[in-house]
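Engineer: Provided herewith: target-v8.pdb, PDB, C-alpha atoms and all ligand atoms.
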```pdb
ATOM      1  CA  MET D   1     -21.683 -38.554 -28.192
ATOM      2  CA  GLU D   2     -18.296 -39.979 -27.313
ATOM      3  CA  SER D   3     -16.927 -39.418 -23.850
ATOM      4  CA  GLU D   4     -14.048 -37.020 -23.610
ATOM      5  CA  ILE D   5     -10.966 -37.134 -21.478
ATOM      6  CA  THR D   6     -11.163 -33.623 -20.082
ATOM      7  CA  MET D   7     -11.269 -31.937 -16.717
ATOM      8  CA  GLU D   8     -15.027 -32.115 -16.510
ATOM      9  CA  ASN D   9     -15.558 -35.843 -16.827
ATOM     10  CA  MET D  10     -12.523 -37.341 -15.125
ATOM     11  CA  LYS D  11     -13.791 -36.843 -11.596
ATOM     12  CA  ASN D  12     -11.453 -36.240  -8.724
ATOM     13  CA  THR D  13     -11.871 -38.377  -5.686
ATOM     14  CA  ASN D  14      -9.324 -36.631  -3.534
ATOM     15  CA  VAL D  15     -10.202 -34.086  -0.912
ATOM     16  CA  ASN D  16      -6.732 -32.540  -1.046
ATOM     17  CA  THR D  17      -7.135 -31.510  -4.663
ATOM     18  CA  ASP D  18      -6.623 -27.800  -4.036
ATOM     19  CA  LYS D  19      -3.561 -28.420  -1.911
ATOM     20  CA  ILE D  20      -1.874 -30.633  -4.496
ATOM     21  CA  LEU D  21      -2.734 -28.251  -7.343
ATOM     22  CA  ALA D  22      -1.171 -25.417  -5.331
ATOM     23  CA  GLN D  23       1.930 -27.528  -4.661
ATOM     24  CA  LEU D  24       2.304 -28.256  -8.379
ATOM     25  CA  ALA D  25       2.056 -24.559  -9.197
ATOM     26  CA  GLU D  26       4.480 -23.629  -6.422
ATOM     27  CA  ALA D  27       7.025 -26.180  -7.624
ATOM     28  CA  ILE D  28       7.086 -24.515 -11.046
ATOM     29  CA  VAL D  29       7.382 -21.041  -9.541
ATOM     30  CA  ALA D  30      10.172 -22.133  -7.172
ATOM     31  CA  ASN D  31      11.812 -24.279  -9.859
ATOM     32  CA  ASP D  32      11.836 -27.122  -7.334
ATOM     33  CA  GLU D  33      11.979 -30.444  -9.155
ATOM     34  CA  ASP D  34      11.851 -32.611  -6.012
ATOM     35  CA  ALA D  35       8.754 -30.859  -4.689
ATOM     36  CA  GLY D  36       7.187 -31.079  -8.156
ATOM     37  CA  MET D  37       7.830 -34.806  -8.501
ATOM     38  CA  GLU D  38       6.475 -35.393  -5.012
ATOM     39  CA  ALA D  39       3.288 -33.465  -5.765
ATOM     40  CA  VAL D  40       2.900 -35.353  -9.056
ATOM     41  CA  GLU D  41       3.258 -38.692  -7.264
ATOM     42  CA  GLN D  42       0.858 -37.680  -4.521
ATOM     43  CA  GLY D  43      -1.674 -36.393  -6.998
ATOM     44  CA  LEU D  44      -1.571 -39.426  -9.256
ATOM     45  CA  GLY D  45      -1.415 -41.795  -6.276
ATOM     46  CA  SER D  46      -4.595 -40.355  -4.839
ATOM     47  CA  GLY D  47      -6.522 -40.462  -8.078
ATOM     48  CA  LEU D  48      -6.368 -36.803  -8.997
ATOM     49  CA  ASN D  49      -7.433 -36.035 -12.558
ATOM     50  CA  PRO D  50      -4.183 -35.785 -14.578
ATOM     51  CA  VAL D  51      -5.693 -33.254 -16.964
ATOM     52  CA  GLU D  52      -6.612 -31.014 -14.066
ATOM     53  CA  MET D  53      -3.097 -31.436 -12.644
ATOM     54  CA  ILE D  54      -1.693 -30.057 -15.906
ATOM     55  CA  GLU D  55      -4.266 -27.333 -16.559
ATOM     56  CA  ASN D  56      -4.938 -26.035 -13.042
ATOM     57  CA  GLY D  57      -1.704 -26.994 -11.304
ATOM     58  CA  LEU D  58       1.375 -26.853 -13.525
ATOM     59  CA  SER D  59      -0.046 -24.350 -16.045
ATOM     60  CA  ALA D  60      -1.186 -22.066 -13.239
ATOM     61  CA  GLY D  61       2.422 -22.042 -11.998
ATOM     62  CA  MET D  62       3.672 -21.183 -15.476
ATOM     63  CA  LEU D  63       1.195 -18.324 -15.638
ATOM     64  CA  GLU D  64       2.556 -16.965 -12.385
ATOM     65  CA  VAL D  65       6.094 -17.269 -13.760
ATOM     66  CA  GLY D  66       4.896 -15.184 -16.726
ATOM     67  CA  GLU D  67       3.542 -12.509 -14.410
ATOM     68  CA  MET D  68       6.776 -12.414 -12.397
ATOM     69  CA  PHE D  69       8.702 -12.025 -15.665
ATOM     70  CA  GLU D  70       6.410  -9.202 -16.752
ATOM     71  CA  ASP D  71       6.903  -7.448 -13.397
ATOM     72  CA  GLY D  72      10.676  -7.727 -13.704
ATOM     73  CA  GLU D  73      10.917  -9.973 -10.627
ATOM     74  CA  ILE D  74      12.650 -12.719 -12.599
ATOM     75  CA  PHE D  75      14.571 -12.857 -15.879
ATOM     76  CA  LEU D  76      14.652 -15.008 -18.982
ATOM     77  CA  PRO D  77      17.009 -17.741 -17.657
ATOM     78  CA  GLN D  78      14.581 -18.401 -14.791
ATOM     79  CA  VAL D  79      11.669 -18.576 -17.214
ATOM     80  CA  MET D  80      13.657 -21.066 -19.297
ATOM     81  CA  MET D  81      14.379 -23.219 -16.246
ATOM     82  CA  ALA D  82      10.724 -23.107 -15.194
ATOM     83  CA  SER D  83       9.598 -24.161 -18.670
ATOM     84  CA  ALA D  84      12.107 -27.026 -18.762
ATOM     85  CA  LEU D  85      10.763 -28.261 -15.419
ATOM     86  CA  MET D  86       7.209 -27.804 -16.713
ATOM     87  CA  ASP D  87       8.076 -30.087 -19.662
ATOM     88  CA  ARG D  88       9.463 -32.791 -17.373
ATOM     89  CA  LEU D  89       6.511 -32.704 -14.980
ATOM     90  CA  VAL D  90       3.936 -32.657 -17.794
ATOM     91  CA  ALA D  91       5.683 -35.749 -19.227
ATOM     92  CA  GLU D  92       5.296 -37.533 -15.874
ATOM     93  CA  VAL D  93       1.618 -36.650 -15.527
ATOM     94  CA  GLN D  94       0.921 -37.433 -19.158
ATOM     95  CA  LYS D  95       1.840 -41.097 -18.600
ATOM     96  CA  GLU D  96      -1.358 -41.409 -16.567
ATOM     97  CA  ILE D  97      -3.690 -40.001 -19.208
ATOM     98  CA  PRO D  98      -5.370 -43.094 -20.603
ATOM     99  CA  ALA D  99      -4.425 -43.805 -24.211
ATOM    100  CA  ASP D 100      -7.217 -43.920 -26.695
ATOM    101  CA  GLU D 101      -7.639 -47.520 -27.694
ATOM    102  CA  LYS D 102      -9.722 -47.052 -30.793
ATOM    103  CA  THR D 103      -7.935 -47.995 -33.979
ATOM    104  CA  GLU D 104      -9.930 -45.558 -36.068
ATOM    105  CA  SER D 105      -8.923 -41.910 -35.932
ATOM    106  CA  ASP D 106     -11.514 -39.284 -34.955
ATOM    107  CA  GLY D 107      -9.882 -36.807 -37.296
ATOM    108  CA  LYS D 108      -6.502 -35.673 -38.566
ATOM    109  CA  ILE D 109      -5.110 -32.473 -37.111
ATOM    110  CA  VAL D 110      -1.993 -30.629 -38.200
ATOM    111  CA  LEU D 111      -0.735 -28.709 -35.176
ATOM    112  CA  GLY D 112       2.140 -26.300 -34.704
ATOM    113  CA  THR D 113       3.397 -23.008 -33.294
ATOM    114  CA  VAL D 114       3.649 -20.412 -36.034
ATOM    115  CA  GLU D 115       6.917 -19.149 -37.418
ATOM    116  CA  GLY D 116       8.844 -16.649 -35.340
ATOM    117  CA  ASP D 117       7.424 -18.118 -32.144
ATOM    118  CA  VAL D 118       9.261 -20.711 -30.044
ATOM    119  CA  HIS D 119       6.631 -21.095 -27.315
ATOM    120  CA  ASP D 120       5.441 -24.682 -27.422
ATOM    121  CA  ILE D 121       4.490 -25.739 -23.887
ATOM    122  CA  GLY D 122       0.797 -25.018 -24.477
ATOM    123  CA  LYS D 123       0.845 -26.506 -27.954
ATOM    124  CA  ASN D 124       2.321 -29.714 -26.542
ATOM    125  CA  ILE D 125      -0.417 -29.943 -23.900
ATOM    126  CA  VAL D 126      -3.054 -29.490 -26.594
ATOM    127  CA  LYS D 127      -1.393 -32.305 -28.556
ATOM    128  CA  VAL D 128      -1.465 -34.676 -25.568
ATOM    129  CA  LEU D 129      -5.175 -34.139 -24.984
ATOM    130  CA  LEU D 130      -6.160 -34.352 -28.646
ATOM    131  CA  GLN D 131      -4.267 -37.630 -28.986
ATOM    132  CA  ALA D 132      -5.768 -38.994 -25.772
ATOM    133  CA  ASN D 133      -9.172 -38.260 -27.245
ATOM    134  CA  GLY D 134      -8.653 -40.188 -30.458
ATOM    135  CA  PHE D 135      -7.361 -37.550 -32.867
ATOM    136  CA  GLU D 136      -4.370 -38.198 -35.057
ATOM    137  CA  VAL D 137      -2.015 -35.262 -34.559
ATOM    138  CA  PHE D 138       0.691 -34.273 -37.017
ATOM    139  CA  ASP D 139       2.988 -31.911 -35.139
ATOM    140  CA  VAL D 140       4.951 -29.505 -37.337
ATOM    141  CA  GLY D 141       6.769 -28.197 -34.252
ATOM    142  CA  ARG D 142       7.469 -24.684 -33.086
ATOM    143  CA  ASP D 143       8.715 -21.704 -35.096
ATOM    144  CA  ALA D 144       7.127 -23.681 -37.923
ATOM    145  CA  PRO D 145       7.159 -22.127 -41.409
ATOM    146  CA  LEU D 146       3.558 -21.494 -42.487
ATOM    147  CA  ALA D 147       4.140 -23.555 -45.627
ATOM    148  CA  SER D 148       4.896 -26.580 -43.417
ATOM    149  CA  PHE D 149       1.328 -26.492 -42.033
ATOM    150  CA  ILE D 150      -0.043 -26.501 -45.568
ATOM    151  CA  ASP D 151       2.347 -29.124 -46.932
ATOM    152  CA  LYS D 152       1.590 -31.471 -44.030
ATOM    153  CA  ALA D 153      -2.168 -30.903 -44.401
ATOM    154  CA  LYS D 154      -1.985 -31.840 -48.071
ATOM    155  CA  GLU D 155       0.233 -34.838 -47.396
ATOM    156  CA  VAL D 156      -2.033 -36.395 -44.754
ATOM    157  CA  ASP D 157      -5.350 -35.037 -46.063
ATOM    158  CA  ALA D 158      -5.951 -33.217 -42.766
ATOM    159  CA  ASP D 159      -9.375 -32.298 -41.403
ATOM    160  CA  ILE D 160      -8.150 -29.456 -39.176
ATOM    161  CA  ILE D 161      -5.152 -27.131 -39.082
ATOM    162  CA  ALA D 162      -4.508 -25.863 -35.551
ATOM    163  CA  SER D 163      -2.031 -23.067 -34.927
ATOM    164  CA  SER D 164      -0.602 -21.665 -31.728
ATOM    165  CA  ALA D 165       0.755 -18.123 -31.251
ATOM    166  CA  LEU D 166       1.952 -16.742 -27.916
ATOM    167  CA  MET D 167       3.112 -13.315 -28.967
ATOM    168  CA  THR D 168       1.195 -10.348 -30.316
ATOM    169  CA  GLY D 169       3.839 -10.097 -33.031
ATOM    170  CA  THR D 170       3.337 -13.671 -34.251
ATOM    171  CA  MET D 171      -0.488 -13.781 -34.084
ATOM    172  CA  GLN D 172      -0.444 -12.053 -37.448
ATOM    173  CA  PHE D 173       0.919 -15.259 -38.977
ATOM    174  CA  GLN D 174      -2.350 -17.017 -38.112
ATOM    175  CA  ALA D 175      -4.013 -14.496 -40.415
ATOM    176  CA  THR D 176      -1.380 -15.078 -43.095
ATOM    177  CA  LEU D 177      -1.992 -18.817 -42.813
ATOM    178  CA  GLU D 178      -5.715 -18.271 -43.501
ATOM    179  CA  GLN D 179      -4.811 -16.289 -46.608
ATOM    180  CA  MET D 180      -2.306 -18.896 -47.771
ATOM    181  CA  LEU D 181      -4.943 -21.622 -47.418
ATOM    182  CA  LYS D 182      -7.331 -19.579 -49.542
ATOM    183  CA  ASP D 183      -4.641 -18.962 -52.153
ATOM    184  CA  ALA D 184      -3.876 -22.694 -52.277
ATOM    185  CA  GLY D 185      -7.577 -23.452 -52.816
ATOM    186  CA  LEU D 186      -7.660 -25.473 -49.576
ATOM    187  CA  ARG D 187      -9.708 -23.264 -47.262
ATOM    188  CA  ASP D 188     -12.997 -25.044 -47.937
ATOM    189  CA  LYS D 189     -11.396 -28.470 -47.520
ATOM    190  CA  VAL D 190      -9.860 -27.928 -44.099
ATOM    191  CA  LYS D 191     -11.141 -26.370 -40.867
ATOM    192  CA  THR D 192      -8.951 -24.049 -38.827
ATOM    193  CA  MET D 193      -8.526 -23.697 -35.090
ATOM    194  CA  ILE D 194      -6.366 -21.142 -33.305
ATOM    195  CA  GLY D 195      -5.049 -20.810 -29.763
ATOM    196  CA  GLY D 196      -2.428 -19.251 -27.527
ATOM    197  CA  ALA D 197      -2.602 -16.676 -24.737
ATOM    198  CA  PRO D 198      -3.138 -13.507 -26.828
ATOM    199  CA  CYS D 199      -5.808 -15.084 -29.083
ATOM    200  CA  THR D 200      -9.542 -14.572 -28.612
ATOM    201  CA  ASP D 201     -12.857 -15.415 -30.259
ATOM    202  CA  ASN D 202     -12.753 -11.943 -31.796
ATOM    203  CA  TRP D 203      -9.346 -12.556 -33.310
ATOM    204  CA  ALA D 204     -10.578 -15.844 -34.815
ATOM    205  CA  ALA D 205     -13.588 -14.052 -36.301
ATOM    206  CA  LYS D 206     -11.449 -11.206 -37.594
ATOM    207  CA  ILE D 207      -9.008 -13.433 -39.462
ATOM    208  CA  GLY D 208     -11.637 -15.933 -40.596
ATOM    209  CA  ALA D 209     -10.475 -18.918 -38.533
ATOM    210  CA  ASP D 210     -13.248 -21.413 -37.764
ATOM    211  CA  VAL D 211     -12.716 -21.554 -34.006
ATOM    212  CA  TYR D 212     -10.633 -20.316 -31.098
ATOM    213  CA  ALA D 213     -10.106 -22.536 -28.053
ATOM    214  CA  GLU D 214      -8.892 -21.158 -24.749
ATOM    215  CA  ASN D 215      -7.244 -24.287 -23.383
ATOM    216  CA  ALA D 216      -6.498 -27.914 -24.196
ATOM    217  CA  SER D 217      -9.806 -29.299 -22.887
ATOM    218  CA  GLU D 218     -11.718 -26.786 -24.978
ATOM    219  CA  ALA D 219      -9.557 -27.670 -27.993
ATOM    220  CA  VAL D 220     -10.872 -31.242 -27.766
ATOM    221  CA  THR D 221     -14.505 -30.108 -27.534
ATOM    222  CA  LYS D 222     -14.132 -27.650 -30.399
ATOM    223  CA  ALA D 223     -12.270 -30.170 -32.569
ATOM    224  CA  ARG D 224     -15.185 -32.573 -32.132
ATOM    225  CA  GLU D 225     -17.610 -29.797 -33.093
ATOM    226  CA  LEU D 226     -15.567 -29.023 -36.201
ATOM    227  CA  MET D 227     -15.567 -32.697 -37.186
ATOM    228  CA  ALA D 228     -19.361 -32.767 -36.873
ATOM    229  CA  MET D 229     -19.848 -29.701 -39.115
TER     230      MET D 229
HETATM  231  C1  LIG I   1       7.578 -19.997 -20.974
HETATM  232  C2  LIG I   1       7.756 -18.717 -21.734
HETATM  233  C3  LIG I   1       8.887 -18.626 -22.560
HETATM  234  C4  LIG I   1       9.846 -19.782 -22.789
HETATM  235  C5  LIG I   1       9.206 -20.726 -23.844
HETATM  236  C6  LIG I   1       9.616 -22.176 -23.658
HETATM  237  C7  LIG I   1       8.779 -23.098 -24.506
HETATM  238  N1  LIG I   1       9.358 -24.201 -24.877
HETATM  239  O1  LIG I   1       7.617 -22.843 -24.804
HETATM  240  C8  LIG I   1      11.109 -19.025 -23.319
HETATM  241  C9  LIG I   1      11.966 -18.671 -22.128
HETATM  242  C10 LIG I   1      11.944 -19.751 -24.352
HETATM  243  C11 LIG I   1      10.466 -17.739 -23.853
HETATM  244  C12 LIG I   1      11.068 -16.936 -24.799
HETATM  245  C13 LIG I   1      10.564 -15.699 -25.185
HETATM  246  N2  LIG I   1       9.467 -15.096 -24.704
HETATM  247 CO1  LIG I   1       8.173 -15.976 -23.569
HETATM  248  N3  LIG I   1       6.950 -16.518 -22.273
HETATM  249  C14 LIG I   1       6.827 -17.639 -21.611
HETATM  250  C15 LIG I   1       5.634 -17.505 -20.623
HETATM  251  C16 LIG I   1       6.226 -17.126 -19.266
HETATM  252  C17 LIG I   1       4.746 -18.700 -20.417
HETATM  253  C18 LIG I   1       4.131 -19.319 -21.683
HETATM  254  C19 LIG I   1       3.606 -20.688 -21.326
HETATM  255  O2  LIG I   1       4.263 -21.693 -21.578
HETATM  256  N4  LIG I   1       2.443 -20.742 -20.650
HETATM  257  C20 LIG I   1       1.881 -21.984 -20.127
HETATM  258  C21 LIG I   1       1.046 -22.690 -21.202
HETATM  259  C22 LIG I   1       0.460 -23.983 -20.654
HETATM  260  O3  LIG I   1       0.001 -21.820 -21.540
HETATM  261  P1  LIG I   1      -0.292 -21.367 -23.047
HETATM  262  O4  LIG I   1       0.959 -21.389 -23.833
HETATM  263  O5  LIG I   1      -1.075 -20.125 -23.015
HETATM  264  O6  LIG I   1      -1.185 -22.559 -23.635
HETATM  265  C23 LIG I   1      -2.509 -22.833 -23.254
HETATM  266  C24 LIG I   1      -3.565 -22.046 -24.054
HETATM  267  O7  LIG I   1      -3.105 -20.795 -24.528
HETATM  268  C25 LIG I   1      -3.983 -22.990 -25.134
HETATM  269  N5  LIG I   1      -3.218 -23.059 -26.397
HETATM  270  C26 LIG I   1      -1.920 -22.833 -26.624
HETATM  271  N6  LIG I   1      -1.619 -23.098 -27.904
HETATM  272  C27 LIG I   1      -2.744 -23.513 -28.511
HETATM  273  C28 LIG I   1      -2.992 -23.893 -29.821
HETATM  274  C29 LIG I   1      -4.272 -24.260 -30.198
HETATM  275  C30 LIG I   1      -4.537 -24.683 -31.600
HETATM  276  C31 LIG I   1      -5.319 -24.235 -29.234
HETATM  277  C32 LIG I   1      -6.682 -24.593 -29.638
HETATM  278  C33 LIG I   1      -5.074 -23.854 -27.917
HETATM  279  C34 LIG I   1      -3.786 -23.495 -27.554
HETATM  280  O8  LIG I   1      -3.915 -24.249 -24.515
HETATM  281  C35 LIG I   1      -2.765 -24.286 -23.648
HETATM  282  C36 LIG I   1      -3.047 -25.218 -22.499
HETATM  283  O9  LIG I   1      -4.170 -24.820 -21.763
HETATM  284  C37 LIG I   1       4.827 -16.341 -21.292
HETATM  285  C38 LIG I   1       3.925 -15.544 -20.346
HETATM  286  C39 LIG I   1       2.451 -15.761 -20.604
HETATM  287  N7  LIG I   1       1.665 -15.103 -19.812
HETATM  288  O10 LIG I   1       2.025 -16.459 -21.509
HETATM  289  C40 LIG I   1       5.964 -15.511 -21.917
HETATM  290  C41 LIG I   1       5.655 -14.633 -23.127
HETATM  291  C42 LIG I   1       4.721 -15.325 -24.099
HETATM  292  N8  LIG I   1       6.994 -14.480 -23.731
HETATM  293  C43 LIG I   1       7.206 -13.291 -24.203
HETATM  294  C44 LIG I   1       8.414 -12.872 -24.826
HETATM  295  C45 LIG I   1       8.494 -11.408 -25.187
HETATM  296  C46 LIG I   1       9.451 -13.777 -25.101
HETATM  297  C47 LIG I   1      10.779 -13.468 -25.788
HETATM  298  C48 LIG I   1      10.730 -12.503 -26.975
HETATM  299  C49 LIG I   1      11.713 -12.959 -24.690
HETATM  300  C50 LIG I   1      13.012 -12.381 -25.090
HETATM  301  N9  LIG I   1      13.154 -11.127 -24.694
HETATM  302  O11 LIG I   1      13.823 -13.048 -25.727
HETATM  303  C51 LIG I   1      11.228 -14.870 -26.232
HETATM  304  C52 LIG I   1      10.561 -15.236 -27.576
HETATM  305  C53 LIG I   1      11.372 -15.966 -28.528
HETATM  306  C54 LIG I   1      10.522 -16.319 -29.743
HETATM  307  N10 LIG I   1      10.947 -15.880 -30.887
HETATM  308  O12 LIG I   1       9.498 -16.951 -29.641
HETATM  309  C55 LIG I   1       6.006 -12.370 -23.985
HETATM  310  C56 LIG I   1       5.202 -12.088 -25.248
HETATM  311  C57 LIG I   1       4.724 -10.643 -25.269
HETATM  312  C58 LIG I   1       3.818 -10.347 -26.392
HETATM  313  N11 LIG I   1       2.670  -9.845 -26.059
HETATM  314  O13 LIG I   1       4.102 -10.533 -27.512
HETATM  315  C59 LIG I   1       5.240 -13.121 -22.842
HETATM  316  C60 LIG I   1       3.723 -12.899 -22.838
HETATM  317  C61 LIG I   1       5.865 -12.626 -21.512
HETATM  318  C62 LIG I   1       5.740 -11.130 -21.329
HETATM  319  N12 LIG I   1       4.652 -10.644 -20.792
HETATM  320  O14 LIG I   1       6.618 -10.395 -21.676
HETATM  321  N13 LIG I   1       9.259 -17.523 -23.280
END
```
I need this file expressed as structure tokens, please.
Ligand code: B12

Structural biologist:
Amino acid sequence: MESEITMENMKNTNVNTDKILAQLAEAIVANDEDAGMEAVEQGLGSGLNPVEMIENGLSAGMLEVGEMFEDGEIFLPQVMMASALMDRLVAEVQKEIPADEKTESDGKIVLGTVEGDVHDIGKNIVKVLLQANGFEVFDVGRDAPLASFIDKAKEVDADIIASSALMTGTMQFQATLEQMLKDAGLRDKVKTMIGGAPCTDNWAAKIGADVYAENASEAVTKARELMAM
């Protein structure tokens, strides 16, 4: 079994973990770039697990932003600013995730956010972790036409197609993608993985996707399981 770069096995050595994770989340909520950069530096400087900084620090802040938006406490421009800051801070933290040095790929994954849906922060985090764990990722982007997933999978002879949907209205396209793969005669040649906040194991089962993963660390574990099937 290969070791994985996930939250579980990159141990934290720092006692101030909770404090730094809270500062990262707060920086996103307050849209405070200086505080965010400082917390990133402190975290990385004291050996904090970069994956945990993204998943339990920055992402937790983004979740809170989502709740504030839902409650009408903030409006779309603030959400946009928070997500732009999230992108910049993730990019900083990402530099410290060790690159996979194997030359051989562990599997080819076509990844994208389905059409009609521009949310790509989570998808991009999934991409970072899959790549760090030796997968070759072909990113078809966000608001990606379903045909682009299939065309890319054919072009690169993909092992897995992974789709992200963040809205109840766009989840349906994950089901359409399953059907399109069947129609193209590709469904038994490629595995499918789905993710995004409204998705669940039940939804995966209902639409016939192979697996659902709740977060980026789980996406790595499940991708490995799919490759072993
Ligand atoms: C940031 C954000 C935006 C940003 C997106 C910026 C960007 N580049 O992504 C902006 C401001 C552009 C935006 C726009 C809109 N948004 Co918005 N947005 C959000 C918000 C606040 C956070 C999403 C996020 O980034 N979370 C942080 C990341 C890290 O988490 P994540 O995406 O869930 O990803 C993790 C997992 O889900 C998983 N994962 C994700 N993808 C995948 C894929 C695979 C294959 C796997 C295995 C795993 C996986 O791993 C990730 C890491 O752990 C959510 C609220 C929420 N609770 O989700 C609303 C939310 C998704 N938005 C919503 C809405 C309505 C909109 C708009 C329609 C608003 C409007 N009135 O214009 C537009 C949509 C435009 C469109 N056509 O897509 C609604 C959707 C409601 C619904 N049920 O359908 C939400 C839920 C807010 C709300 N409650 O109203 N939004």

Engineer: As a quick test: using only C-alpha atoms and all ligand atoms, which residues lie no more than 7 Å away from ligand LIG 1 (chain I)? Give them as a PDB file with C-alpha atoms, keeping the file's coordinate frame.

Structural biologist:
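Output file selection10.pdb is given in full below:
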```
ATOM      1  CA  GLU D  55      -4.266 -27.333 -16.559  1.00  0.00           C
ATOM      2  CA  SER D  59      -0.046 -24.350 -16.045  1.00  0.00           C
ATOM      3  CA  MET D  62       3.672 -21.183 -15.476  1.00  0.00           C
ATOM      4  CA  LEU D  63       1.195 -18.324 -15.638  1.00  0.00           C
ATOM      5  CA  VAL D  65       6.094 -17.269 -13.760  1.00  0.00           C
ATOM      6  CA  GLY D  66       4.896 -15.184 -16.726  1.00  0.00           C
ATOM      7  CA  GLU D  67       3.542 -12.509 -14.410  1.00  0.00           C
ATOM      8  CA  PHE D  69       8.702 -12.025 -15.665  1.00  0.00           C
ATOM      9  CA  GLU D  70       6.410  -9.202 -16.752  1.00  0.00           C
ATOM     10  CA  LEU D  76      14.652 -15.008 -18.982  1.00  0.00           C
ATOM     11  CA  PRO D  77      17.009 -17.741 -17.657  1.00  0.00           C
ATOM     12  CA  VAL D  79      11.669 -18.576 -17.214  1.00  0.00           C
ATOM     13  CA  MET D  80      13.657 -21.066 -19.297  1.00  0.00           C
ATOM     14  CA  SER D  83       9.598 -24.161 -18.670  1.00  0.00           C
ATOM     15  CA  LEU D 111      -0.735 -28.709 -35.176  1.00  0.00           C
ATOM     16  CA  GLY D 116       8.844 -16.649 -35.340  1.00  0.00           C
ATOM     17  CA  ASP D 117       7.424 -18.118 -32.144  1.00  0.00           C
ATOM     18  CA  VAL D 118       9.261 -20.711 -30.044  1.00  0.00           C
ATOM     19  CA  HIS D 119       6.631 -21.095 -27.315  1.00  0.00           C
ATOM     20  CA  ASP D 120       5.441 -24.682 -27.422  1.00  0.00           C
ATOM     21  CA  ILE D 121       4.490 -25.739 -23.887  1.00  0.00           C
ATOM     22  CA  GLY D 122       0.797 -25.018 -24.477  1.00  0.00           C
ATOM     23  CA  LYS D 123       0.845 -26.506 -27.954  1.00  0.00           C
ATOM     24  CA  ILE D 125      -0.417 -29.943 -23.900  1.00  0.00           C
ATOM     25  CA  VAL D 126      -3.054 -29.490 -26.594  1.00  0.00           C
ATOM     26  CA  ALA D 162      -4.508 -25.863 -35.551  1.00  0.00           C
ATOM     27  CA  SER D 163      -2.031 -23.067 -34.927  1.00  0.00           C
ATOM     28  CA  SER D 164      -0.602 -21.665 -31.728  1.00  0.00           C
ATOM     29  CA  ALA D 165       0.755 -18.123 -31.251  1.00  0.00           C
ATOM     30  CA  LEU D 166       1.952 -16.742 -27.916  1.00  0.00           C
ATOM     31  CA  MET D 167       3.112 -13.315 -28.967  1.00  0.00           C
ATOM     32  CA  THR D 168       1.195 -10.348 -30.316  1.00  0.00           C
ATOM     33  CA  GLY D 169       3.839 -10.097 -33.031  1.00  0.00           C
ATOM     34  CA  MET D 193      -8.526 -23.697 -35.090  1.00  0.00           C
ATOM     35  CA  ILE D 194      -6.366 -21.142 -33.305  1.00  0.00           C
ATOM     36  CA  GLY D 195      -5.049 -20.810 -29.763  1.00  0.00           C
ATOM     37  CA  GLY D 196      -2.428 -19.251 -27.527  1.00  0.00           C
ATOM     38  CA  ALA D 197      -2.602 -16.676 -24.737  1.00  0.00           C
ATOM     39  CA  PRO D 198      -3.138 -13.507 -26.828  1.00  0.00           C
ATOM     40  CA  TYR D 212     -10.633 -20.316 -31.098  1.00  0.00           C
ATOM     41  CA  ALA D 213     -10.106 -22.536 -28.053  1.00  0.00           C
ATOM     42  CA  GLU D 214      -8.892 -21.158 -24.749  1.00  0.00           C
ATOM     43  CA  ASN D 215      -7.244 -24.287 -23.383  1.00  0.00           C
ATOM     44  CA  ALA D 216      -6.498 -27.914 -24.196  1.00  0.00           C
ATOM     45  CA  ALA D 219      -9.557 -27.670 -27.993  1.00  0.00           C
TER      46      ALA D 219
END
```

Engineer: Quick check on the file I pasted: which residues fall under the PyMOL selection byres (((chain D and resi 143) around 8) and not hetatm)? Write them as a PyMOL selection string.

Structural biologist: chain D and resi 113-118+141-142+144-145

Engineer: One decimal, in Å: what's the spacing between CA of Asp159 (chain D) and CA of Thr176 (chain D)?

Structural biologist: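 Distance reported for this atom pair: 19.1 Å.
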
Engineer: How far is it from CA of Asn133 (chain D) to CA of Leu226 (chain D), in Å with one decimal?

Structural biologist: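 Taking CA of Asn133 (chain D) as the start and CA of Leu226 (chain D) as the end point, the length is 14.4 Å.
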
Engineer: Which is closest to Ile74 (chain D) among D:Leu44, D:Ala35, D:Ala30, D:Ala223, if we use only C-alpha atoms?

Structural biologist: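 Nearest to Ile74 (chain D): D:Ala30.
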
Engineer: What would the selection look like, as a list of chain:residue names, if the PyMOL selection byres (((chain D and resi 95) around 12) and not hetatm) were run on the coordinates I just shared?

Structural biologist: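 Answer for the PyMOL selection byres (((chain D and resi 95) around 12) and not hetatm): D:Val40, D:Glu41, D:Leu44, D:Pro50, D:Val51, D:Ile54, D:Arg88, D:Leu89, D:Val90, D:Ala91, D:Glu92, D:Val93, D:Gln94, D:Glu96, D:Ile97, D:Pro98, D:Ala99, D:Val128, D:Leu129, D:Ala132.
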
Engineer: Do you know which residues the PyMOL selection byres (((chain D and resi 210) around 6) and not hetatm) returns on this file, as a list of chain:residue names?

Structural biologist: D:Thr192, D:Met193, D:Ala209, D:Val211

Engineer: Please, what is the axis-aligned box for every listed atom of region 115-133 of chain D with 6 Å on each side, as centre and edge lengths in Å to one decimal, as JSON?

Structural biologist:
```
{"center_x": 0.0, "center_y": -27.8, "center_z": -30.7, "size_x": 30.4, "size_y": 34.3, "size_z": 25.5}
```

Engineer: Report the distance between CA of Gln179 (chain D) and CA of Asn124 (chain D) in Å, rounded to one decimal place.

Structural biologist: 25.2 Å

Engineer: Which one of D:Gly61, D:Leu21, D:Asp151, D:Asp106 sits closest to Ala82 (chain D) if you count only C-alpha atoms?

Structural biologist: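 Of D:Gly61, D:Leu21, D:Asp151, D:Asp106, the one nearest Ala82 (chain D) is D:Gly61, counting only C-alpha atoms.
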
Engineer: From the list D:Leu177, D:Met37, D:Ala204, D:Met86, which residue is nearest Ala147 (chain D) when using only C-alpha atoms?

Structural biologist: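 Closest candidate: D:Leu177.
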